[in-house]
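Participant: First the structure, which I've put down as structure tokens, then a few questions once you've had a look.
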Number of protein chains: 2
Amino acid sequence: MAEELDQIELEIVTLLNKHAKKKFRNLFLSLHGYEQSQIFAKLDLNQRKISYALLTPKELANVFDDTEEDPVETAKYLEEMDSQYAARLLTEMYTDNVVDILSGMRPIKQRKYLNLLHGDEAKQVRDLIHYEDETAGSLMTTEYIKVTDEQTIGSAMQQVKREAQEAELVTYIYVVNKQNILVGVLSVRDLITHGDEEKVANVMTTRVLAVDVNEDQEAIAEQVRDYNFVAIPVVNQTEELLGIITVDDIIDVIDEESAEDYSRLAGVDTESVTRNPFQTALKRLPWLITLLFLGMLTATLINHFEGLLSEVSVLAIFISLITGTAGNAGTQSLAVAVRRLATNSHLKIWRLILNEIATGIIIGIITGLCVWLMVGLWKQNLLLGGVVGAAMASAIFVANLAGSLIPIGMEKLGVDPAVASGPFISTLSDLTSVLIYFNIAQYFLQLFIR
Amino acid sequence: MAEELDQIELEIVTLLNKHAKKKFRNLFLSLHGYEQSQIFAKLDLNQRKISYALLTPKELANVFDDTEEDPVETAKYLEEMDSQYAARLLTEMYTDNVVDILSGMRPIKQRKYLNLLHGDEAKQVRDLIHYEDETAGSLMTTEYIKVTDEQTIGSAMQQVKREAQEAELVTYIYVVNKQNILVGVLSVRDLITHGDEEKVANVMTTRVLAVDVNEDQEAIAEQVRDYNFVAIPVVNQTEELLGIITVDDIIDVIDEESAEDYSRLAGVDTESVTRNPFQTALKRLPWLITLLFLGMLTATLINHFEGLLSEVSVLAIFISLITGTAGNAGTQSLAVAVRRLATNSHLKIWRLILNEIATGIIIGIITGLCVWLMVGLWKQNLLLGGVVGAAMASAIFVANLAGSLIPIGMEKLGVDPAVASGPFISTLSDLTSVLIYFNIAQYFLQLFIR
């Protein structure tokens, strides 16, 4: 498909440059909106201007509705158009997408476009634009089909026929009472398998799941995923129907949230890509420098033991082995805790902690024994092996426990636990590991050697 | 909703224990399939057996179709039922879910259930069961509505009315020619907004995107996400229509893939949860012990420099600072490279590498300068600060580059780049960092001190 599209893209650009209206329209309009948007994104200013002349606002609305481009980019395109054309384009687009574009604009520009829109459309956009980011309100669209519980199936069907072209999705038809309170839902299936004379109220499913307009997007995604919905209605506190969220927007939320978790685990924003290495460096440095200070703390701690180190310099050999392995164990338990906190709302915190304590003991003992043997045999010194092994076991136990306690503590404090990153845990465990290692070493070496 | 459900669950269990058939059915059947499955999962053997007596196979099929439980669990439930009941249950379920359950069984059990199914149903399951895991074939269902291009809209509508109860989704109706070759698609919208006499061939969209039955699930998810589809048809090499994949299964794929990426970055399977700490430990130890050997390599390297260390014991203080910070930088660039390889099929590899080289230089120099100042002032020794700073800068540069080269190399070798985990990169960078640090130290200290 990608190669085929490259071919078509070339053809379309050629037709555009030649102003070959009919051929261009035939080819371009035969494509899916997403494909159109992929091609549109590659046009230069001149080619875009030709396309505005050759396509109707409604046709271009289809392109913009399916684009993956940043709404800020799309806002720039609007500036290139005749403002009447832009206004009609926005009117034809789905309201949720218009809101995305307008909410990224500076207030003065935003007002300009709101003034260009027709009263009704402008009101819908205005209603949506003030909802907070990442809530149901910011995701919902107002293009859905709504009937009342007093209508018949036949009249509902007539309405669906009239409104189907406008609606973003016709799989569900929502049923409200006279007060616009959501009272039920009809599937298209219900509509076409029931007689025209039946009352909507008798056919509809009354147990309809809706989300509050201020609900967080992650919780909504959870519900849509669990219930296998294709769309979910949005209501206010009095159960009044305000809009719907469609599954394609839910997929975007799921992608966004998982990219966020991934980024946080790595301690870097993996998604916002720039070609400028200075900007890339600027995004990564804050975490690195913050952790550098934590690392300096570890250095001063080792400095504190310099006497011991200069006396028994062999100890230095195993610093990175112990800190590294404990850091790895901490990263593992951190990732498990973050995921379990995110995916399991009925999680029993104490069971998780107890499980990690037991796991830490087991992993610590097994790894410690391995290290005891390896170091003991290598250095022909079972005491030294024992010191390193015991330090390893304790350091792993502590790092493992910290890996689960830190995200749990953050969750309790209301901070998203995913801010506890892998680099943070491993740098922190450097500190605890060194502390454990040198204390154990000092204790045992005093006991046996001096 | 969760609290409400807990309340209802209690009530349902009470009704079950009392064998209160009518009340139980009224309450239980008023719930959504997902909610029913959540409650069913908590019943004990005795309660489950009562539920088999009180629910029809079709009603229980609805529960099993929406369950989030492992198919292996569901397979165990089948064993508790009368085999005729189980057979009817499987017949009523969507084929893709039946395949999930049966494909986890031992061959002898699998054959038993296939024999219990009716000829037609058994054939459909048999057709699907041999598709490889994570391909289109393993995800698709055969419950969809298919019309021919020669039918009229009216006759297609009649067919939809007849088949709507069976189909998993009625948003799209697929159009085939006499050879069962996929030639178009109708939306329900098309169906209800066109006249009964029009020909399907004239109304349908002919440019229909389908996936090959052997296509990988990640690529399919990509397409459904890009095109905002609610379902996508599956064809074989001759474009014959074999089934459809619905968006709810795509969401599961997206979740699965992102959990996989997350797990790999952390070097631990974060998803398969067990209450047994021995099993948990067993899952984490392989990576830890593997990396332990890599860590031992670093230890032998430091051992090689023991002479230098015992002479200039202050060097030991900064080992963990350098290895830790370089490891953090490596984890960052690894995560960025893995994500960019996964999400951008048009990625220019050389640009990514060049960008990381430049970024590594910038980050290295800035961090190195910070360290030079901090160590120089602290130890009142700008030469020592310079050694540590220069080592830090070089170690960061190398770790940063390794973080992107390793996943790129793995991609070239055809290994999924996500197997390069954060713990692996940071343990590897311990080795390179130590190598760099002691070589720089040896060189400079020889030059100035001896």
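For the structure tokens, the naming scheme is as follows: chains receive sequential letters (A, B, ...) according to their order of presentation, residues are indexed from 1 within each chain, and ligands are indexed from 1 in presentation order.
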Pull out every residue of chain B sitting within 7 Å of chain A, counting only C-alpha atoms, and send them as a ChimeraX atom specification.

Facilitator: /B:34,161,164,170-171,189,192-193,225-228,248,251,258,262,266-268,270,275,277-278,280-281,285,288,292,295-296,299,302-303,309-310,313,316-318,320-321,324-325,328,331-332,335-336,339,355,358-359,362-363,423,427

Participant: Using all C-alpha atoms matched in sequence order, least-squares fit chain A onto chain B and give the RMSD rounded to one decimal in Å.

Facilitator: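 Here the RMSD amounts to 0.2 Å.
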
Participant: Could you tell me how far CA of Glu79 in chain A lies from CA of Phe40 in chain A, in Å and to one decimal?

Facilitator: 15.7 Å

Participant: DSSP on the backbone: which residues in range 217-310 of chain A end up as helix (DSSP H, G or I)? Give the answer as a ChimeraX atom specification.

Facilitator: /A:217-227,247-266,277-304,306-310

Participant: Give me the residues near Ala390 in chain A as a ChimeraX atom specification, where near means some atom within 8 Å (using only C-alpha atoms) and where sequence neighbours in that chain fewer than 3 positions away do not count.

Facilitator: /A:368,372,386-387,393-394,440

Participant: Using DSSP on the backbone coordinates, identify all residues within range 205-333 of chain A classified as strand (DSSP E or B); present the result as a PyMOL selection string.

Facilitator: chain A and resi 205+211-212+216+231-235+240-246

Participant: Using only C-alpha atoms, which protein or nucleic acid residues come within 8 Å of Leu16 in chain B? Drop anything in the same chain fewer than 4 positions from it, and give the result as a short mmCIF file (atom, residue, chain, number, x, y, z; two decimals) with C-alpha atoms, in the first residue's frame.

Facilitator:
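Output saved as result.cif:
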```cif
data_model
loop_
_atom_site.label_atom_id
_atom_site.label_comp_id
_atom_site.auth_asym_id
_atom_site.auth_seq_id
_atom_site.Cartn_x
_atom_site.Cartn_y
_atom_site.Cartn_z
CA ILE B 12 -26.31 -12.34 42.27
CA ALA B 20 -33.68 -18.34 42.64
CA LYS B 21 -33.88 -18.85 38.88
CA PHE B 24 -31.16 -14.39 39.16
CA GLN B 47 -21.99 -21.56 41.90
CA ILE B 50 -25.80 -23.68 39.24
CA SER B 51 -25.34 -20.94 36.64
#
```

Participant: Leaving out Val72 in chain B and any residue of its chain fewer than 3 positions from it, which residues lie within 12 Å of it when counting only C-alpha atoms, given as an MDAnalysis selection string?

Facilitator: chainID B and resid 67:69 75:79 97:106

Participant: Restricted to C-alpha atoms, what would the selected residues look like written as a PDB file, in the first residue's frame?

Facilitator:
```pdb
ATOM      1  CA  THR B  67     -14.606 -12.032  29.064  1.00  0.00           C
ATOM      2  CA  GLU B  68     -11.124 -10.716  29.776  1.00  0.00           C
ATOM      3  CA  GLU B  69     -10.092 -14.040  31.309  1.00  0.00           C
ATOM      4  CA  ALA B  75     -11.392 -23.995  28.566  1.00  0.00           C
ATOM      5  CA  LYS B  76     -11.471 -25.310  32.138  1.00  0.00           C
ATOM      6  CA  TYR B  77     -15.076 -24.149  32.537  1.00  0.00           C
ATOM      7  CA  LEU B  78     -16.057 -26.195  29.480  1.00  0.00           C
ATOM      8  CA  GLU B  79     -14.881 -29.329  31.270  1.00  0.00           C
ATOM      9  CA  ASN B  97     -13.151 -16.571  20.529  1.00  0.00           C
ATOM     10  CA  VAL B  98     -13.845 -20.295  20.087  1.00  0.00           C
ATOM     11  CA  VAL B  99     -10.555 -20.589  18.227  1.00  0.00           C
ATOM     12  CA  ASP B 100      -8.730 -18.818  21.067  1.00  0.00           C
ATOM     13  CA  ILE B 101     -10.125 -21.308  23.566  1.00  0.00           C
ATOM     14  CA  LEU B 102      -9.574 -24.442  21.491  1.00  0.00           C
ATOM     15  CA  SER B 103      -6.089 -23.551  20.287  1.00  0.00           C
ATOM     16  CA  GLY B 104      -4.812 -23.561  23.878  1.00  0.00           C
ATOM     17  CA  MET B 105      -6.055 -27.128  24.493  1.00  0.00           C
ATOM     18  CA  ARG B 106      -4.123 -30.346  24.241  1.00  0.00           C
TER      19      ARG B 106
END
```
